[in-house]
Amino acid sequence: MTGPLQVLDAAAVRRLAATCVQALDAHKDAINRINVYPVADGDTGANMLATMRAGLDALLRAPAAERSGAGQALSVLAKGALTGARGNSGVLLSQLLRGMAEAVRDESEVDGEGLAAALARGSDLAAAALSDPVEGTMLTVLHAAASAASGVHTGDLHDVAVAAVNASADALSRTPRQLPQLAEAGVVDAGGRGAVVVLESLLSVVADEPIGMSALIAPQRTPESLVTAREAGSEKYSYEVMYLIDGADEQGAVRLRDTLSGLGDCVSVAGDGDGLWTVHVHCNDIGAAIEVGVETGRPHRITVARFADEPVAASPRFGTDRAVVVAGRGEGLAELARAEGATVLVVDESADAYALLQLIGSTGAAQVTVLPAGADLTELADEAAIRAVAGGQDVVVVPCASPVQALAALAVHDVRRTASDDVVGMAEAAAAMRRGDVTVATEDAMSWVGRVAAGDVLGFTDGEVVLIEPGPADEEAVTRAACAVVDRMLAAGGELVTVLLGAGAPEGLADELEDFLRRERPEAELAVYPGGQPDTVLAIGVE
């Protein structure tokens, strides 16, 4: 630890986002349990966590040039949070972030005065998002924090953060006296508690040390309070409708908010300043709520939930202990991996770390081992793993420079072993598999074994070019190169040759390889599978 920060830069904003995700994840269940107002949904903690995760994901996905300064990073974070906002609390959190970003948009670093201005703007935008703001809620907590931050005259970043946290905790403790529903249930406001978690995460980053939640803000609900009646006036509304809208202006947003207020309650319409709006309403007429969105702009990401079907308390996040995820190219490889019980991402031009992150999360496993079936896929796997770990999953990437190494690792996966032993076993199996490839050159180049012309057939072992078969890349040239690579690899020993045929492999290649081994290397066994990988004619493994 190096002491309190003097300014927030882009790196500090990224740490703030990750710290908020971790803290909200840790307090999610407790926040859900005290969720009484405006309705006893039991989802405030989950909604705030999902919203912040969406912001963090957007920040990690953005090109470095678009998040190099603190203002830029906050803008990306806010836009991601708005896009992924869930529930009223998520909308308010996204507006807090949006306001902070607007206040320091052009700043590369944010000092104490800048942070105070950011919190003030964030509090204002959060309040403006609701059609009927109420005292004793998350808005009250944010307003208190912003007011206290603006009252700090030292200009010190740490002093501002401390003042904001202390004021927010004090405001939160008073919420039961401001809302009868909270007093009856014996709890503080759930959204307000989530706001304090966010502000304490900010202080933790600024102070460069963990900040514990005050016992003052941790009242627990009794089992009876979990079924507290909805707020008067809301019990007739059974559905929560949310969507995003593109193409609406400020006037259209105001009309939309007014129209939705006539259909239900808990209405919020919040924007990012660039034409994107997130909409939230509790109502009974789902079609009308969506139709008014169509009249205003282009609705998308529409979600509808029936309150009667939602759990009062959060269910366990992970449904299983372990899973293995394979990221590779080719449907044949995917089928082989699925047959071994793996979850598979077939990588194409559209696949990215976000797609792999979603797949990792979809496994529902507490511990996930990722096998990137190619050296160029390791970076993608590492990026997805970092995001998943920030979200609370235990994810380990086992480096595999070839699809045959991924299959070797998968073959020794054993759920009867401890998770750590299983990962070690898979890593050892991948490392023990010697790899080779046969490809067709797409352009002229130089290699260690001579000049390469486009259309030549290239043989690789362990990532290095070891032979060049002059083009054209017909069946004979590919067969000669494949036999030469296999022979070279077996010269160092080996009993089993595994071959994955690529999408461009000649039809008779497997038979030719089998005949070659029968003549030249009768001690070696051959296993050939259709891999379908588009980037290599065949991938070879020897063990």
# chains A, B, ... in the order shown; residues from 1 in each chain; ligands from 1
>>> select_by_dssp(residues="range 397-502 of chain A", states="strand (DSSP E)", output="NGL selection string")
:A and (397 or 434-440 or 445-447 or 450-452 or 457-461 or 464-469 or 496-501)
>>> residues_around(residues="range 89-99 of chain A", least_positions_apart="3", cutoff="9 Å", atoms="only C-alpha atoms", output="MDAnalysis selection string")
chainID A and resid 44:45 47:52 55 74:75 77:86 102:104 118:130 138:139 142 190:192 194:195 268:273 278:280
>>> closest_residue(among="A:Arg451, A:Arg435, A:Arg33, A:Arg322", to="Gln405 in chain A", atoms="only C-alpha atoms")
A:Arg435
>>> closest_residue(among="A:Leu538, A:Ala339, A:Ala65, A:Ala12", to="Ala411 in chain A", atoms="only C-alpha atoms")
A:Ala339
>>> residues_around(residues="Val152 in chain A", least_positions_apart="5", cutoff="8 Å", atoms="only C-alpha atoms", output="list of chain:residue names")
A:Asp159, A:Val160, A:Ala163
>>> residues_around(residues="Ala323 in chain A", least_positions_apart="3", cutoff="9 Å", atoms="only C-alpha atoms", output="list in words")
Thr320, Gly341, Ala342, Thr343, Ile360, Thr363, Gly364, Ala365, Ala366, Gln367, Val368, Thr369 and Val370 of chain A
>>> write_last_selection(atoms="all heavy atoms", output="PDB file, in the first residue's frame")
ATOM      1  N   THR A 320     -23.341 -25.817  -9.510  1.00  0.00           N
ATOM      2  CA  THR A 320     -22.448 -26.967  -9.565  1.00  0.00           C
ATOM      3  C   THR A 320     -21.056 -26.532  -9.152  1.00  0.00           C
ATOM      4  O   THR A 320     -20.745 -25.334  -9.128  1.00  0.00           O
ATOM      5  CB  THR A 320     -22.425 -27.570 -10.989  1.00  0.00           C
ATOM      6  OG1 THR A 320     -21.643 -28.771 -10.997  1.00  0.00           O
ATOM      7  CG2 THR A 320     -21.830 -26.581 -11.990  1.00  0.00           C
ATOM      8  N   GLY A 341     -17.868 -33.851 -22.123  1.00  0.00           N
ATOM      9  CA  GLY A 341     -18.550 -33.124 -21.062  1.00  0.00           C
ATOM     10  C   GLY A 341     -18.203 -31.658 -20.953  1.00  0.00           C
ATOM     11  O   GLY A 341     -18.620 -30.995 -19.988  1.00  0.00           O
ATOM     12  N   ALA A 342     -17.469 -31.114 -21.919  1.00  0.00           N
ATOM     13  CA  ALA A 342     -17.081 -29.708 -21.862  1.00  0.00           C
ATOM     14  C   ALA A 342     -18.169 -28.814 -22.452  1.00  0.00           C
ATOM     15  O   ALA A 342     -18.960 -29.236 -23.296  1.00  0.00           O
ATOM     16  CB  ALA A 342     -15.768 -29.480 -22.603  1.00  0.00           C
ATOM     17  N   THR A 343     -18.186 -27.580 -22.007  1.00  0.00           N
ATOM     18  CA  THR A 343     -18.992 -26.529 -22.626  1.00  0.00           C
ATOM     19  C   THR A 343     -18.103 -25.829 -23.642  1.00  0.00           C
ATOM     20  O   THR A 343     -16.950 -25.520 -23.341  1.00  0.00           O
ATOM     21  CB  THR A 343     -19.485 -25.530 -21.576  1.00  0.00           C
ATOM     22  OG1 THR A 343     -20.212 -26.228 -20.568  1.00  0.00           O
ATOM     23  CG2 THR A 343     -20.376 -24.477 -22.192  1.00  0.00           C
ATOM     24  N   ILE A 360     -18.846 -18.836 -19.770  1.00  0.00           N
ATOM     25  CA  ILE A 360     -18.320 -19.227 -18.461  1.00  0.00           C
ATOM     26  C   ILE A 360     -19.396 -19.051 -17.389  1.00  0.00           C
ATOM     27  O   ILE A 360     -19.617 -19.929 -16.549  1.00  0.00           O
ATOM     28  CB  ILE A 360     -17.065 -18.405 -18.119  1.00  0.00           C
ATOM     29  CG1 ILE A 360     -15.907 -18.791 -19.047  1.00  0.00           C
ATOM     30  CG2 ILE A 360     -16.657 -18.613 -16.656  1.00  0.00           C
ATOM     31  CD1 ILE A 360     -14.700 -17.875 -18.930  1.00  0.00           C
ATOM     32  N   THR A 363     -22.312 -21.680 -17.231  1.00  0.00           N
ATOM     33  CA  THR A 363     -22.083 -23.017 -16.686  1.00  0.00           C
ATOM     34  C   THR A 363     -22.663 -23.160 -15.283  1.00  0.00           C
ATOM     35  O   THR A 363     -22.962 -24.276 -14.847  1.00  0.00           O
ATOM     36  CB  THR A 363     -20.581 -23.336 -16.623  1.00  0.00           C
ATOM     37  OG1 THR A 363     -19.934 -22.438 -15.706  1.00  0.00           O
ATOM     38  CG2 THR A 363     -19.925 -23.226 -17.996  1.00  0.00           C
ATOM     39  N   GLY A 364     -22.804 -22.036 -14.571  1.00  0.00           N
ATOM     40  CA  GLY A 364     -23.304 -22.092 -13.199  1.00  0.00           C
ATOM     41  C   GLY A 364     -22.335 -22.766 -12.248  1.00  0.00           C
ATOM     42  O   GLY A 364     -22.731 -23.205 -11.166  1.00  0.00           O
ATOM     43  N   ALA A 365     -21.064 -22.838 -12.630  1.00  0.00           N
ATOM     44  CA  ALA A 365     -20.063 -23.549 -11.820  1.00  0.00           C
ATOM     45  C   ALA A 365     -19.240 -22.562 -11.000  1.00  0.00           C
ATOM     46  O   ALA A 365     -18.892 -21.479 -11.477  1.00  0.00           O
ATOM     47  CB  ALA A 365     -19.143 -24.369 -12.712  1.00  0.00           C
ATOM     48  N   ALA A 366     -18.922 -22.953  -9.784  1.00  0.00           N
ATOM     49  CA  ALA A 366     -18.106 -22.100  -8.921  1.00  0.00           C
ATOM     50  C   ALA A 366     -16.663 -22.052  -9.396  1.00  0.00           C
ATOM     51  O   ALA A 366     -15.990 -21.027  -9.269  1.00  0.00           O
ATOM     52  CB  ALA A 366     -18.163 -22.613  -7.480  1.00  0.00           C
ATOM     53  N   GLN A 367     -16.165 -23.166  -9.955  1.00  0.00           N
ATOM     54  CA  GLN A 367     -14.789 -23.220 -10.452  1.00  0.00           C
ATOM     55  C   GLN A 367     -14.811 -23.685 -11.899  1.00  0.00           C
ATOM     56  O   GLN A 367     -15.390 -24.727 -12.222  1.00  0.00           O
ATOM     57  CB  GLN A 367     -13.940 -24.168  -9.598  1.00  0.00           C
ATOM     58  CG  GLN A 367     -12.431 -24.039  -9.787  1.00  0.00           C
ATOM     59  CD  GLN A 367     -11.897 -24.753 -11.020  1.00  0.00           C
ATOM     60  OE1 GLN A 367     -12.454 -25.747 -11.441  1.00  0.00           O
ATOM     61  NE2 GLN A 367     -10.821 -24.241 -11.589  1.00  0.00           N
ATOM     62  N   VAL A 368     -14.205 -22.899 -12.785  1.00  0.00           N
ATOM     63  CA  VAL A 368     -14.219 -23.197 -14.219  1.00  0.00           C
ATOM     64  C   VAL A 368     -12.787 -23.244 -14.731  1.00  0.00           C
ATOM     65  O   VAL A 368     -11.986 -22.349 -14.460  1.00  0.00           O
ATOM     66  CB  VAL A 368     -15.015 -22.143 -15.006  1.00  0.00           C
ATOM     67  CG1 VAL A 368     -15.007 -22.464 -16.503  1.00  0.00           C
ATOM     68  CG2 VAL A 368     -16.450 -22.062 -14.498  1.00  0.00           C
ATOM     69  N   THR A 369     -12.472 -24.310 -15.473  1.00  0.00           N
ATOM     70  CA  THR A 369     -11.189 -24.427 -16.160  1.00  0.00           C
ATOM     71  C   THR A 369     -11.422 -24.137 -17.638  1.00  0.00           C
ATOM     72  O   THR A 369     -12.284 -24.752 -18.275  1.00  0.00           O
ATOM     73  CB  THR A 369     -10.589 -25.829 -16.006  1.00  0.00           C
ATOM     74  OG1 THR A 369     -10.449 -26.127 -14.611  1.00  0.00           O
ATOM     75  CG2 THR A 369      -9.224 -25.913 -16.669  1.00  0.00           C
ATOM     76  N   VAL A 370     -10.664 -23.202 -18.183  1.00  0.00           N
ATOM     77  CA  VAL A 370     -10.812 -22.812 -19.576  1.00  0.00           C
ATOM     78  C   VAL A 370      -9.635 -23.357 -20.380  1.00  0.00           C
ATOM     79  O   VAL A 370      -8.472 -23.169 -20.002  1.00  0.00           O
ATOM     80  CB  VAL A 370     -10.893 -21.285 -19.733  1.00  0.00           C
ATOM     81  CG1 VAL A 370     -11.032 -20.902 -21.203  1.00  0.00           C
ATOM     82  CG2 VAL A 370     -12.055 -20.732 -18.928  1.00  0.00           C
TER      83      VAL A 370
END
>>> select_by_dssp(residues="range 318-446 of chain A", states="helix (DSSP H, G or I)", output="number ranges by chain")
A: 331-339, 353-362, 375-390, 403-411, 419-432
>>> atom_distance(atom1="CA of Val438 in chain A", atom2="CA of Met426 in chain A")
25.1 Å
>>> atom_distance(atom1="CA of Ala148 in chain A", atom2="CA of Ala18 in chain A")
25.0 Å
>>> closest_residue(among="A:Leu182, A:Leu256, A:Ala430, A:Ala454", to="Ile34 in chain A", atoms="only C-alpha atoms")
A:Leu182
>>> closest_residue(among="A:Met100, A:Val294, A:Ala11, A:Leu56", to="Asp246 in chain A", atoms="only C-alpha atoms")
A:Val294
>>> closest_residue(among="A:Thr296, A:Thr259, A:Ser150, A:Thr439", to="Val537 in chain A", atoms="only C-alpha atoms")
A:Thr439
>>> residues_around(residues="Leu356 in chain A", least_positions_apart="3", cutoff="10 Å", atoms="only C-alpha atoms", output="ChimeraX atom specification")
/A:325-327,344-347,351-353,359-362,370,380-381,383-385,388
>>> write_last_selection(atoms="N, CA, C and O atoms", output="compact mmCIF listing (two decimals), in the first residue's frame")
# COMPACT_ATOMS: atom_id res chain seq x y z
N VAL A 325 -14.52 -25.40 -19.87
CA VAL A 325 -14.95 -24.67 -21.06
C VAL A 325 -13.81 -24.72 -22.09
O VAL A 325 -12.66 -24.45 -21.76
N VAL A 326 -14.16 -25.08 -23.32
CA VAL A 326 -13.18 -25.13 -24.41
C VAL A 326 -13.54 -24.04 -25.42
O VAL A 326 -14.70 -23.92 -25.83
N ALA A 327 -12.55 -23.24 -25.80
CA ALA A 327 -12.72 -22.24 -26.85
C ALA A 327 -11.84 -22.64 -28.02
O ALA A 327 -10.61 -22.71 -27.89
N VAL A 344 -18.62 -25.58 -24.84
CA VAL A 344 -17.75 -25.17 -25.94
C VAL A 344 -18.19 -23.85 -26.55
O VAL A 344 -19.38 -23.62 -26.79
N LEU A 345 -17.20 -22.98 -26.81
CA LEU A 345 -17.40 -21.79 -27.63
C LEU A 345 -16.69 -22.02 -28.95
O LEU A 345 -15.47 -22.17 -28.99
N VAL A 346 -17.46 -22.08 -30.04
CA VAL A 346 -16.87 -22.19 -31.38
C VAL A 346 -16.46 -20.79 -31.81
O VAL A 346 -17.31 -19.92 -32.03
N VAL A 347 -15.17 -20.57 -31.90
CA VAL A 347 -14.64 -19.24 -32.17
C VAL A 347 -14.73 -18.93 -33.66
O VAL A 347 -14.25 -19.70 -34.50
N ALA A 351 -16.71 -13.89 -32.39
CA ALA A 351 -16.47 -14.29 -31.01
C ALA A 351 -15.46 -13.36 -30.35
O ALA A 351 -14.47 -12.96 -30.96
N ASP A 352 -15.72 -13.01 -29.10
CA ASP A 352 -14.80 -12.17 -28.35
C ASP A 352 -14.80 -12.60 -26.89
O ASP A 352 -15.45 -13.59 -26.52
N ALA A 353 -14.05 -11.86 -26.08
CA ALA A 353 -13.95 -12.22 -24.66
C ALA A 353 -15.31 -12.14 -23.97
O ALA A 353 -15.58 -12.89 -23.03
N LEU A 359 -20.40 -17.48 -21.65
CA LEU A 359 -20.42 -18.94 -21.62
C LEU A 359 -19.92 -19.45 -20.28
O LEU A 359 -20.47 -20.40 -19.71
N ILE A 360 -18.85 -18.84 -19.77
CA ILE A 360 -18.32 -19.23 -18.46
C ILE A 360 -19.40 -19.05 -17.39
O ILE A 360 -19.62 -19.93 -16.55
N GLY A 361 -20.07 -17.91 -17.42
CA GLY A 361 -21.13 -17.67 -16.45
C GLY A 361 -22.29 -18.63 -16.58
O GLY A 361 -22.92 -19.03 -15.59
N SER A 362 -22.60 -19.03 -17.83
CA SER A 362 -23.75 -19.90 -18.07
C SER A 362 -23.56 -21.31 -17.53
O SER A 362 -24.53 -22.05 -17.37
N VAL A 370 -10.66 -23.20 -18.18
CA VAL A 370 -10.81 -22.81 -19.58
C VAL A 370 -9.64 -23.36 -20.38
O VAL A 370 -8.47 -23.17 -20.00
N LEU A 380 -7.57 -14.13 -25.41
CA LEU A 380 -9.03 -14.03 -25.28
C LEU A 380 -9.50 -14.72 -24.01
O LEU A 380 -10.33 -14.20 -23.27
N ALA A 381 -8.94 -15.91 -23.74
CA ALA A 381 -9.33 -16.66 -22.55
C ALA A 381 -8.90 -15.93 -21.28
O ALA A 381 -9.66 -15.88 -20.29
N GLU A 383 -8.53 -12.71 -20.86
CA GLU A 383 -9.37 -11.52 -20.64
C GLU A 383 -10.72 -11.92 -20.07
O GLU A 383 -11.23 -11.28 -19.14
N ALA A 384 -11.32 -12.98 -20.62
CA ALA A 384 -12.61 -13.44 -20.10
C ALA A 384 -12.47 -13.92 -18.66
O ALA A 384 -13.35 -13.68 -17.83
N ALA A 385 -11.37 -14.60 -18.35
CA ALA A 385 -11.16 -15.11 -17.00
C ALA A 385 -11.03 -13.97 -16.00
O ALA A 385 -11.58 -14.04 -14.89
N ALA A 388 -14.47 -12.73 -15.30
CA ALA A 388 -15.25 -13.68 -14.52
C ALA A 388 -14.80 -13.70 -13.06
O ALA A 388 -15.62 -13.79 -12.15
>>> closest_residue(among="A:Asp265, A:Asp106, A:Asp258, A:Asp321", to="His282 in chain A", atoms="only C-alpha atoms")
A:Asp265
>>> residues_around(residues="Thr175 in chain A", least_positions_apart="5", cutoff="9 Å", atoms="only C-alpha atoms", output="PyMOL selection string")
chain A and resi 135-137+140-141+182-183+187-189+192
